[in-house]
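Worksheet for the structure shown next.
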Amino acid sequence: MSSFAVLTPSYAPDFQLCRELNRSVLEWTAPNVDHHLVVPRWDRELFAPLRGPRTHVWTVEELLPRRMLSVKILNAWLDPRRPYPPVRGWVMQQIVKFAAATKLDAELLVLADSDVVLVRPVTVDTLRRGEQVRFYRSDDAVDERLPRHLRWHEAARGLLALAPPGPPPLPDYISAFNVWDRRVVLALRDRIEDVNGRPWLDAIASQLHISEFILYGVFVDEVLGASAKVIPADSMLCNSHWGPEPMAHASVPQFVRSLQPDDVAVMISSQSDTEPDVRRRALSGVRASVAPEG
């Protein structure tokens, strides 16, 4: 079993971004680290040229039970046994992360969105210290200004048979660049099946609103506790522009300066509709700032 792998669910609109991420993974990780891309089956041929010794292209169907049927026009999935409500594509993208985490031959899984780019080396030591795995948590970051996050907390606690969350603020666990421990994912899936009395996939798929990172984070903090063997950290290791406004040309120097010494990646959200030339300028500036002198 390899120490870690990188996982990226993607799709056609993010192909160019994903290709850039893939190049950076191959550049900044060791030769034994693989990059796994998971795409809808109708995008398989588009992503096929990225395949290589360290890059693997999976279709969503390969990670799911055969009973799950995709409906492209709806961007949704149907289980003929329980056809309503259909599973939205965004929820299925989260489900395949859990499926991949147990299927892939890796102790740790780095979850990187398509719009992430690595800019420094990523090693096992980046992700854990001994048996303790880095665990992203930003305390008191979720309040009434983030109503969807509050809903995701409620959904996670319901799936785990925990009491409803207390009043905000609550912790945030969501990052464009994150790391999961395979042992924790296995324990999480077992917990969901034990308390819901049905397969973990069906339980998660029944949710209209769910965040995989908040589900994982609540499980670590509220169920496993000290036995989780994690190192809580409020750094994403990823200098991020979330938007929703596009990054402006004038903001590029500040974005470059805001890169922290321990940041190994940057992310300019595809949802921000940042102009390609602004993105290129920002990435060039970051790369120049981390390049060794001489």
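By order of appearance in the structure tokens: chains A, B, ..., then residues from 1 within every chain, and ligands from 1 in the order shown.
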Closest atom pairs, stretch 91-120 of chain A residues within 12 Å of stretch 33-53 of chain A, only C-alpha atoms, as a Markdown table:
```
| residue | atom | partner | partner_atom | distance |
| --- | --- | --- | --- | --- |
| A:Met92 | CA | A:Pro40 | CA | 10.5 |
| A:Gln93 | CA | A:Val38 | CA | 8.7 |
| A:Gln94 | CA | A:Val38 | CA | 11.1 |
| A:Ile95 | CA | A:Val38 | CA | 11.4 |
| A:Val96 | CA | A:Val38 | CA | 8.0 |
| A:Lys97 | CA | A:Val38 | CA | 8.8 |
| A:Ala99 | CA | A:Val38 | CA | 10.9 |
| A:Ala100 | CA | A:Val38 | CA | 8.9 |
| A:Ala101 | CA | A:His36 | CA | 10.7 |
| A:Lys103 | CA | A:His36 | CA | 11.3 |
| A:Leu104 | CA | A:His36 | CA | 8.8 |
| A:Asp105 | CA | A:Asp34 | CA | 9.8 |
| A:Ala106 | CA | A:Val33 | CA | 9.1 |
| A:Glu107 | CA | A:Val33 | CA | 11.5 |
| A:Leu108 | CA | A:Val33 | CA | 10.8 |
| A:Leu109 | CA | A:His35 | CA | 10.0 |
| A:Val110 | CA | A:His35 | CA | 9.3 |
| A:Leu111 | CA | A:His36 | CA | 9.9 |
| A:Ala112 | CA | A:His35 | CA | 9.9 |
| A:Asp113 | CA | A:Leu37 | CA | 10.2 |
| A:Ser114 | CA | A:Leu37 | CA | 9.4 |
```
Quick one: residues within 10 Å of A:Leu170, only C-alpha atoms counted, chain neighbours fewer than 5 positions away excluded, as a PDB file with N, CA and C atoms, in the first residue's frame?
```pdb
ATOM      1  N   SER A 138     -11.217  24.750  11.162  1.00  0.00           N
ATOM      2  CA  SER A 138     -11.196  26.168  11.494  1.00  0.00           C
ATOM      3  C   SER A 138     -12.280  26.416  12.535  1.00  0.00           C
ATOM      4  N   ASP A 139     -11.879  26.577  13.781  1.00  0.00           N
ATOM      5  CA  ASP A 139     -12.830  26.708  14.883  1.00  0.00           C
ATOM      6  C   ASP A 139     -13.656  27.990  14.765  1.00  0.00           C
ATOM      7  N   ASP A 140     -14.925  27.874  15.145  1.00  0.00           N
ATOM      8  CA  ASP A 140     -15.831  29.027  15.230  1.00  0.00           C
ATOM      9  C   ASP A 140     -15.946  29.792  13.906  1.00  0.00           C
ATOM     10  N   ALA A 141     -15.801  29.087  12.791  1.00  0.00           N
ATOM     11  CA  ALA A 141     -15.840  29.747  11.486  1.00  0.00           C
ATOM     12  C   ALA A 141     -17.219  29.711  10.838  1.00  0.00           C
ATOM     13  N   VAL A 142     -18.137  28.897  11.374  1.00  0.00           N
ATOM     14  CA  VAL A 142     -19.458  28.739  10.767  1.00  0.00           C
ATOM     15  C   VAL A 142     -20.510  29.373  11.671  1.00  0.00           C
ATOM     16  N   ASP A 143     -21.214  30.360  11.133  1.00  0.00           N
ATOM     17  CA  ASP A 143     -22.298  30.994  11.890  1.00  0.00           C
ATOM     18  C   ASP A 143     -23.442  31.304  10.939  1.00  0.00           C
ATOM     19  N   GLU A 144     -24.326  32.198  11.360  1.00  0.00           N
ATOM     20  CA  GLU A 144     -25.528  32.478  10.567  1.00  0.00           C
ATOM     21  C   GLU A 144     -25.223  33.053   9.201  1.00  0.00           C
ATOM     22  N   HIS A 149     -23.654  25.863   5.472  1.00  0.00           N
ATOM     23  CA  HIS A 149     -22.749  25.130   6.362  1.00  0.00           C
ATOM     24  C   HIS A 149     -23.490  24.628   7.601  1.00  0.00           C
ATOM     25  N   LEU A 150     -24.371  25.464   8.133  1.00  0.00           N
ATOM     26  CA  LEU A 150     -25.150  25.038   9.296  1.00  0.00           C
ATOM     27  C   LEU A 150     -26.029  23.845   8.937  1.00  0.00           C
ATOM     28  N   HIS A 153     -23.916  20.742   8.808  1.00  0.00           N
ATOM     29  CA  HIS A 153     -23.640  20.231  10.153  1.00  0.00           C
ATOM     30  C   HIS A 153     -24.817  19.393  10.646  1.00  0.00           C
ATOM     31  N   PRO A 165     -26.561  19.951  16.359  1.00  0.00           N
ATOM     32  CA  PRO A 165     -25.468  20.826  16.776  1.00  0.00           C
ATOM     33  C   PRO A 165     -25.960  21.900  17.720  1.00  0.00           C
TER      34      PRO A 165
END
```
Among stretch 73-278 of chain A, which ones does DSSP assign to helix (DSSP H, G or I) (computed from the backbone)? Answer as an MDAnalysis selection string. chainID A and resid 73:74 89:103 124:127 147:159 182:196 200:205 212:228 249:257 270:272 276:278
Long-range neighbours of A:Arg129 as a count of residues only, 10 Å cut-off, only C-alpha atoms, 6 positions minimum in chain: 3
Based on the backbone DSSP call, show me all residues of stretch 141-252 of chain A assigned strand (DSSP E or B), as a PyMOL selection string. chain A and resi 141-142+170-172+177-181+230-233+238-241
Export of the given selection (C-alpha atoms) as an mmCIF file, in the first residue's frame:
```
data_model
loop_
_atom_site.group_PDB
_atom_site.id
_atom_site.type_symbol
_atom_site.label_atom_id
_atom_site.label_comp_id
_atom_site.auth_asym_id
_atom_site.auth_seq_id
_atom_site.Cartn_x
_atom_site.Cartn_y
_atom_site.Cartn_z
ATOM 1 C CA ALA A 141 -15.840 29.747 11.486
ATOM 2 C CA VAL A 142 -19.458 28.739 10.767
ATOM 3 C CA LEU A 170 -19.362 25.870 14.716
ATOM 4 C CA PRO A 171 -16.129 24.580 13.185
ATOM 5 C CA ASP A 172 -15.513 24.513 9.457
ATOM 6 C CA PHE A 177 -7.030 20.847 -0.569
ATOM 7 C CA ASN A 178 -7.582 18.293 2.165
ATOM 8 C CA VAL A 179 -6.344 14.954 3.469
ATOM 9 C CA TRP A 180 -8.238 11.874 4.612
ATOM 10 C CA ASP A 181 -7.022 8.872 6.551
ATOM 11 C CA VAL A 230 -5.053 13.581 14.075
ATOM 12 C CA ILE A 231 -3.187 16.880 14.227
ATOM 13 C CA PRO A 232 -5.814 19.640 14.048
ATOM 14 C CA ALA A 233 -4.653 22.589 11.964
ATOM 15 C CA CYS A 238 -3.432 26.175 0.095
ATOM 16 C CA ASN A 239 -3.562 29.891 -0.635
ATOM 17 C CA SER A 240 -7.101 30.291 -1.947
ATOM 18 C CA HIS A 241 -9.248 32.770 -3.815
#
```
Let me make sure I understand: among A:Pro164, A:Pro292, A:Gly217, A:Gly243, which one has the smallest atom-to-atom distance to A:Ile268 if we use only C-alpha atoms?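 Of the candidates, the smallest distance to A:Ile268 is held by A:Gly243.
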Using only C-alpha atoms for the distances, tell me which of A:Leu78, A:Pro169, A:Phe15, A:Leu160 is nearest to A:Asp194.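 For A:Asp194, the nearest of the given residues is A:Leu160.
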Counting only C-alpha atoms, which of A:Met236, A:Ala228, A:Val220, A:Ala248 gets nearest to A:Pro276?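 Among the listed residues, the smallest separation from A:Pro276 belongs to A:Ala248.
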So that I can check the surroundings of stretch 257-264 of chain A, please list as a list in words every protein, DNA and RNA residue that reaches within 7 Å of it, counting only C-alpha atoms and ignoring chain neighbours fewer than 4 positions away.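 Surrounding residues, per the criterion: Leu118, Val119, Arg120, Pro121, Val122, Leu237, Cys238, Asn239 and Pro253 of chain A.
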Would you output that residue set with N, CA and C atoms, as a PDB file, in the first residue's frame?
```
ATOM      1  N   LEU A 118      -0.422  22.571  -7.340  1.00  0.00           N
ATOM      2  CA  LEU A 118       0.679  22.429  -6.393  1.00  0.00           C
ATOM      3  C   LEU A 118       1.822  23.341  -6.810  1.00  0.00           C
ATOM      4  N   VAL A 119       2.470  23.960  -5.831  1.00  0.00           N
ATOM      5  CA  VAL A 119       3.578  24.872  -6.124  1.00  0.00           C
ATOM      6  C   VAL A 119       4.823  24.556  -5.303  1.00  0.00           C
ATOM      7  N   ARG A 120       4.701  23.582  -4.395  1.00  0.00           N
ATOM      8  CA  ARG A 120       5.836  23.137  -3.592  1.00  0.00           C
ATOM      9  C   ARG A 120       5.731  21.630  -3.411  1.00  0.00           C
ATOM     10  N   PRO A 121       6.820  20.974  -2.989  1.00  0.00           N
ATOM     11  CA  PRO A 121       6.764  19.526  -2.791  1.00  0.00           C
ATOM     12  C   PRO A 121       5.714  19.123  -1.762  1.00  0.00           C
ATOM     13  N   VAL A 122       5.028  18.028  -2.033  1.00  0.00           N
ATOM     14  CA  VAL A 122       4.090  17.421  -1.093  1.00  0.00           C
ATOM     15  C   VAL A 122       4.600  16.018  -0.797  1.00  0.00           C
ATOM     16  N   LEU A 237      -2.970  24.762   3.904  1.00  0.00           N
ATOM     17  CA  LEU A 237      -1.773  24.538   3.091  1.00  0.00           C
ATOM     18  C   LEU A 237      -2.004  24.976   1.645  1.00  0.00           C
ATOM     19  N   CYS A 238      -3.038  25.788   1.453  1.00  0.00           N
ATOM     20  CA  CYS A 238      -3.432  26.175   0.095  1.00  0.00           C
ATOM     21  C   CYS A 238      -3.919  27.623   0.106  1.00  0.00           C
ATOM     22  N   ASN A 239      -3.172  28.495  -0.526  1.00  0.00           N
ATOM     23  CA  ASN A 239      -3.562  29.891  -0.635  1.00  0.00           C
ATOM     24  C   ASN A 239      -4.717  29.992  -1.618  1.00  0.00           C
ATOM     25  N   PRO A 253      -0.749  40.880  -7.115  1.00  0.00           N
ATOM     26  CA  PRO A 253       0.410  40.992  -6.217  1.00  0.00           C
ATOM     27  C   PRO A 253       0.096  40.614  -4.770  1.00  0.00           C
TER      28      PRO A 253
END
```
Pick out the closest residue to A:Ala161 from this set: A:Leu215, A:Val133, A:Leu64, A:Val117. Count only C-alpha atoms. A:Leu215
For atom CA of A:Arg134 and atom CA of A:Pro9, determine how far apart the two atoms are, in Å to one decimal place.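 According to the coordinates, atom CA of A:Arg134 and atom CA of A:Pro9 are separated by 21.3 Å.
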